[in-house]
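Report on the structure given below.
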Amino acid sequence: MLEIAIIGGGLCGLALANSLLAEKLPCAVFEARDRLGGRILTKIARNNGLALDMGATWYWPNSQPRITKLIDDLGLPHFAQHETGTLLSLKEADSPPQQIVLEDLHGGARRIEGGASSLIQALAARLPADMLHLEHPLSRLIDRGSHIELHFQHGQDAVVVNARQVVLALPPRLVEEVLAFEPPLNGQLRETLRETPTWMAGNAKLLASFGGPDGKAANGDTPAAFWRTAGHSGNASASHPRAVLSEVHDACDALGARAGLSAFFALAAPGRTAFRVGLPLLARSQLNQLFGAGAQDAELHIQDWAEEAQTCASLDRAGEAAHPEYAHPQLRIPYWNGRLHLGGSETAAYSGGYMEGALEAAGRLRRELLITRASQANATANPTANPACAS
Ligand SMILES: Cc1cc2nc3c(=O)[nH]c(=O)nc-3n(C[C@H](O)[C@H](O)[C@H](O)COP(=O)(O)OP(=O)(O)OC[C@H]3O[C@@H](n4cnc5c(N)ncnc54)[C@H](O)[C@@H]3O)c2cc1C
C-alpha cells in the first residue's frame, strides 16, 4: 500500500514530492505525459541552441517569494528580462508600428538561464527515479474507506494502485472533466472545479530563433538579435482586429548571443485550429511587419496549449480575458475523510495560476497531509476522535 500518491508531475506535484521526501513521508508521482513539467516546457532551437520557453517563462522576485527562494536554493542562474530599446505598437493592420519608450514593461520579471525546465529537472533530480511514474494517466478513483483505489492506463496495461492519501496536483477543470469518482464528488464542488479556469491553457506561444550559436545571422556578419542593434527592445504589441500575434517579447539568452523572440497568439483556439496550416506564414508576416526583413530567417516553433488534453479542459478553449480570481475555499480542504486532496496552482491563495501559486499550493498540501495523517493516527488510537475534513 502506497502512503501518498501525487497525481501530476508539474511544478506543484514535484515541489510537494520534494518536501514530503524531506519529511521522510513515502510518496510516488504519477504523470500522464511522457515528460515532467506540465505547463513548464523548454525546447531547444535547432539553428542556434537557444532554450525556448514554450510555457511559463517569468517570475517576479519583488512579489513572488516562494519561486524566488526555490530558484536560489537550487542554485539556478537567472537574468532580467531584456527591455532596453523601444517598444513597437501596431494599432492598424496596414500601417508601420509606432515606436514607444516605456520603462519597466515587465515589472522586474526574471528568467531562468537554460529555460524554466531547468527548475523541473533540478526538482526531479532530487527524487529517487522509482518515485516517478511517467505515462500513467489517472482515470478513476474509488474510495475504499481505509484507502483510495487508483486506476491508471500505462500503455496497453490497466494499472491499479492503492494509496492511503491522494493528491490531485492537476488543473481543477481536468479533475472534473476527466476523472471518475466513486462515490461521485458533491455537486457544489464539481461546479467550483468547472468554474476554475486553467491559467493560460487556452493560449498558444510562438518562439522564433535566429542565426547560429555564435550570435551571428545566417549571412555571418550581422548580429542575430538584429532588432537590438536597430534600437528595439524586441517587445511589441498589436491591438488591431487582424493581428495574429498580440504580444512579442525578446527571448534571447542571458548574454544576448543566442537570439530569439517569443510571442502570444492573438487568435483564440478555434481560430488557430481553422488556420493551423497557415499559422507559421501569418506569424512570420507579422514579425516582418514589426521588425523588418531580418525576421524572415527565423526558425519557428509553435506550442498550442489548447491542443494538450493534459492541460486544457474543453471550457478552457474559450480563453480568459483577465487573470481569474483563484483560491476558492472548497478547493483548499480535504475530501473523503482526509484521504483526497486538491492541488495545482489554481487552488493557491496567492499568485494562483502562476509558478508561485503552484508552490503555495504545494506548501498548503504538505501541511494538510501532515495534519490529516496526525489526526488519522489519533483517530486509530482513539476511535471517538473526528478528523477535521469534508466528506
Ligand atoms: C503559455 C503559458 C505561459 C505561462 N507563463 C507563465 C509565466 O511567465 N510565469 C508564471 O509564473 N507562470 C506562467 N504560466 C503558468 C505556469 O506554467 C503554471 O502556473 C504552472 O506551471 C502550474 O503548475 P502545476 O503543477 O500547478 O500544473 P501543471 O503544470 O498543469 O501540471 C499538472 C500535471 O498533471 C498532469 N496530468 C494532467 N492530467 C493527468 C492525469 N489524468 N493523470 C496524471 N497526470 C495528469 C499534466 O500532464 C501535468 O504534468 C504559463 C502557462 C502557460 C501555458
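Simple scheme: letters A, B, ... for chains in C-alpha cells order, numbers from 1 for residues in each chain, numbers from 1 for ligands in the order shown.
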
Inset, instruction - Could you please extract the residues within 7 Å of ligand 1, counting only C-alpha atoms and all ligand atoms, and hand them back as number ranges by chain? - result: A: 7-13, 30-33, 36-40, 54-59, 136-139, 169-171, 174, 178-179, 199-201, 203-205, 305, 310-311, 343-346, 353-358

Legend entry - Picked from stretch 216-333 of chain A by DSSP as helix (DSSP H, G or I), as a ChimeraX atom specification: /A:226-229,269-274,276-291,293-297,305-307,314-318,329-332

Please dump the current selection as a PDB file, in the first residue's frame; keep C-alpha atoms.
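That gives us selection_8.pdb:
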```
ATOM      1  CA  PHE A 226      19.173  42.428 -35.258  1.00  0.00           C
ATOM      2  CA  TRP A 227      16.312  44.278 -33.520  1.00  0.00           C
ATOM      3  CA  ARG A 228      18.609  45.207 -30.627  1.00  0.00           C
ATOM      4  CA  THR A 229      21.142  46.883 -32.921  1.00  0.00           C
ATOM      5  CA  ALA A 269      -8.154  28.397 -30.016  1.00  0.00           C
ATOM      6  CA  PRO A 270     -10.919  27.818 -32.625  1.00  0.00           C
ATOM      7  CA  GLY A 271      -9.283  30.364 -34.976  1.00  0.00           C
ATOM      8  CA  ARG A 272      -5.893  28.697 -34.540  1.00  0.00           C
ATOM      9  CA  THR A 273      -7.393  25.318 -35.377  1.00  0.00           C
ATOM     10  CA  ALA A 274      -9.051  26.750 -38.501  1.00  0.00           C
ATOM     11  CA  ARG A 276      -3.394  25.747 -38.407  1.00  0.00           C
ATOM     12  CA  VAL A 277      -1.539  25.168 -41.679  1.00  0.00           C
ATOM     13  CA  GLY A 278      -1.120  28.872 -42.403  1.00  0.00           C
ATOM     14  CA  LEU A 279      -0.181  29.966 -38.858  1.00  0.00           C
ATOM     15  CA  PRO A 280       3.626  29.984 -39.369  1.00  0.00           C
ATOM     16  CA  LEU A 281       3.257  32.089 -42.517  1.00  0.00           C
ATOM     17  CA  LEU A 282       0.889  34.545 -40.815  1.00  0.00           C
ATOM     18  CA  ALA A 283       3.138  34.801 -37.754  1.00  0.00           C
ATOM     19  CA  ARG A 284       6.265  35.342 -39.875  1.00  0.00           C
ATOM     20  CA  SER A 285       4.493  38.055 -41.830  1.00  0.00           C
ATOM     21  CA  GLN A 286       3.594  39.952 -38.647  1.00  0.00           C
ATOM     22  CA  LEU A 287       7.169  39.640 -37.318  1.00  0.00           C
ATOM     23  CA  ASN A 288       8.365  41.088 -40.656  1.00  0.00           C
ATOM     24  CA  GLN A 289       5.933  43.981 -40.367  1.00  0.00           C
ATOM     25  CA  LEU A 290       7.207  44.724 -36.853  1.00  0.00           C
ATOM     26  CA  PHE A 291      10.935  44.134 -37.104  1.00  0.00           C
ATOM     27  CA  ALA A 293      13.138  41.654 -43.266  1.00  0.00           C
ATOM     28  CA  GLY A 294      15.574  40.142 -40.723  1.00  0.00           C
ATOM     29  CA  ALA A 295      12.600  38.295 -39.207  1.00  0.00           C
ATOM     30  CA  GLN A 296      12.340  36.260 -42.404  1.00  0.00           C
ATOM     31  CA  ASP A 297      15.216  33.985 -41.336  1.00  0.00           C
ATOM     32  CA  TRP A 305      -1.635  24.535 -25.186  1.00  0.00           C
ATOM     33  CA  ALA A 306      -5.332  24.326 -26.130  1.00  0.00           C
ATOM     34  CA  GLU A 307      -4.494  21.134 -28.017  1.00  0.00           C
ATOM     35  CA  SER A 314     -12.903  21.912 -23.030  1.00  0.00           C
ATOM     36  CA  LEU A 315     -14.138  25.003 -21.121  1.00  0.00           C
ATOM     37  CA  ASP A 316     -10.602  26.469 -21.243  1.00  0.00           C
ATOM     38  CA  ARG A 317     -10.541  26.610 -25.048  1.00  0.00           C
ATOM     39  CA  ALA A 318     -12.514  29.868 -24.990  1.00  0.00           C
ATOM     40  CA  PRO A 329     -12.163  27.659  -0.171  1.00  0.00           C
ATOM     41  CA  GLN A 330     -13.732  24.420  -1.476  1.00  0.00           C
ATOM     42  CA  LEU A 331     -10.514  23.665  -3.354  1.00  0.00           C
ATOM     43  CA  ARG A 332      -8.391  24.053  -0.235  1.00  0.00           C
TER      44      ARG A 332
END
```

Legend entry - Every residue of stretch 186-281 of chain A that DSSP places in strand (DSSP E), as a PyMOL selection string: chain A and resi 204-210+232-238+245-250+259-265

Based on the selection just made, write C-alpha atoms of those residues as a tab-separated table (two decimals), in the first residue's frame.
```tsv
chain	number	residue	atom	x	y	z
A	204	ALA	CA	-0.54	29.34	-27.82
A	205	LYS	CA	3.03	30.59	-27.96
A	206	LEU	CA	5.39	31.22	-30.85
A	207	LEU	CA	9.16	31.09	-30.39
A	208	ALA	CA	11.36	32.37	-33.19
A	209	SER	CA	15.10	31.64	-33.08
A	210	PHE	CA	17.64	33.45	-35.27
A	232	HIS	CA	14.33	48.00	-30.46
A	233	SER	CA	13.80	46.03	-27.27
A	234	GLY	CA	12.14	43.12	-29.07
A	235	ASN	CA	8.92	43.90	-27.24
A	236	ALA	CA	5.86	44.68	-29.31
A	237	SER	CA	2.10	44.73	-29.08
A	238	ALA	CA	-0.58	44.50	-31.77
A	245	LEU	CA	0.24	37.83	-32.54
A	246	SER	CA	-0.88	40.03	-29.65
A	247	GLU	CA	2.42	40.46	-27.77
A	248	VAL	CA	6.05	39.89	-28.68
A	249	HIS	CA	8.99	39.77	-26.25
A	250	ASP	CA	12.75	39.44	-26.54
A	259	ALA	CA	18.85	35.24	-30.46
A	260	GLY	CA	15.12	34.74	-30.14
A	261	LEU	CA	11.71	36.36	-29.89
A	262	SER	CA	8.66	34.93	-28.15
A	263	ALA	CA	5.04	35.81	-28.85
A	264	PHE	CA	1.50	35.03	-27.77
A	265	PHE	CA	-1.07	34.39	-30.46
```

Inset, instruction - Just the residues within 8 Å of A:Ala224, please, counting only C-alpha atoms, with nothing from its chain fewer than 2 positions along; format it as an MDAnalysis selection string. - result: chainID A and resid 210:212 215:218 222 226 257:259

Could you save the residues just selected, with N, CA and C atoms, as an mmCIF file, in the first residue's frame?
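To be explicit, this is the file written out as out_35.cif:
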```cif
data_model
loop_
_atom_site.group_PDB
_atom_site.id
_atom_site.type_symbol
_atom_site.label_atom_id
_atom_site.label_comp_id
_atom_site.auth_asym_id
_atom_site.auth_seq_id
_atom_site.Cartn_x
_atom_site.Cartn_y
_atom_site.Cartn_z
ATOM 1 N N PHE A 210 16.932 32.832 -34.134
ATOM 2 C CA PHE A 210 17.639 33.448 -35.271
ATOM 3 C C PHE A 210 19.132 33.146 -35.240
ATOM 4 N N GLY A 211 19.720 32.975 -36.424
ATOM 5 C CA GLY A 211 21.171 32.869 -36.550
ATOM 6 C C GLY A 211 21.720 31.581 -35.972
ATOM 7 N N GLY A 212 22.993 31.624 -35.597
ATOM 8 C CA GLY A 212 23.643 30.430 -35.049
ATOM 9 C C GLY A 212 24.032 30.640 -33.601
ATOM 10 N N GLY A 215 25.914 33.783 -32.305
ATOM 11 C CA GLY A 215 25.280 35.102 -32.236
ATOM 12 C C GLY A 215 25.275 35.844 -33.556
ATOM 13 N N LYS A 216 25.719 35.160 -34.622
ATOM 14 C CA LYS A 216 25.737 35.826 -35.935
ATOM 15 C C LYS A 216 24.546 35.369 -36.770
ATOM 16 N N ALA A 217 24.065 36.251 -37.616
ATOM 17 C CA ALA A 217 22.946 35.920 -38.506
ATOM 18 C C ALA A 217 23.412 34.947 -39.582
ATOM 19 N N ALA A 218 22.442 34.437 -40.374
ATOM 20 C CA ALA A 218 22.760 33.434 -41.387
ATOM 21 C C ALA A 218 23.835 33.936 -42.354
ATOM 22 N N THR A 222 26.118 39.960 -39.534
ATOM 23 C CA THR A 222 25.288 40.853 -38.717
ATOM 24 C C THR A 222 24.873 40.127 -37.446
ATOM 25 N N PHE A 226 19.070 41.225 -34.431
ATOM 26 C CA PHE A 226 19.173 42.428 -35.258
ATOM 27 C C PHE A 226 18.302 43.568 -34.735
ATOM 28 N N ALA A 257 23.421 36.461 -26.993
ATOM 29 C CA ALA A 257 24.142 35.828 -28.107
ATOM 30 C C ALA A 257 23.187 34.955 -28.923
ATOM 31 N N ARG A 258 22.615 33.941 -28.290
ATOM 32 C CA ARG A 258 21.621 33.117 -28.992
ATOM 33 C C ARG A 258 20.332 33.946 -29.060
ATOM 34 N N ALA A 259 19.897 34.237 -30.289
ATOM 35 C CA ALA A 259 18.846 35.245 -30.456
ATOM 36 C C ALA A 259 17.470 34.621 -30.622
#
```

Spatial neighbours of A:Ser63, 12 Å, only C-alpha atoms, chain gap at least 6 places, as a PDB file with C-alpha atoms, in the first residue's frame:
```
ATOM      1  CA  LYS A  69      13.724  31.266  -2.977  1.00  0.00           C
ATOM      2  CA  GLY A 107       7.607  44.738 -13.699  1.00  0.00           C
ATOM      3  CA  GLY A 108      11.019  43.352 -12.725  1.00  0.00           C
ATOM      4  CA  ALA A 109      10.466  39.919 -14.356  1.00  0.00           C
ATOM      5  CA  ARG A 110      13.388  37.486 -14.425  1.00  0.00           C
ATOM      6  CA  TYR A 350      -1.621  33.701  -3.537  1.00  0.00           C
ATOM      7  CA  SER A 351      -0.451  34.107  -7.147  1.00  0.00           C
ATOM      8  CA  TYR A 354       1.453  31.213 -11.712  1.00  0.00           C
ATOM      9  CA  GLU A 356       4.433  30.947  -7.405  1.00  0.00           C
ATOM     10  CA  GLY A 357       0.868  29.661  -6.924  1.00  0.00           C
TER      11      GLY A 357
END
```

Legend entry - From A:Val29, A:Arg373, A:Val101, A:Thr347, residue lying nearest A:Ala361 [only C-alpha atoms]: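 Smallest distance to A:Ala361 is found for A:Thr347.
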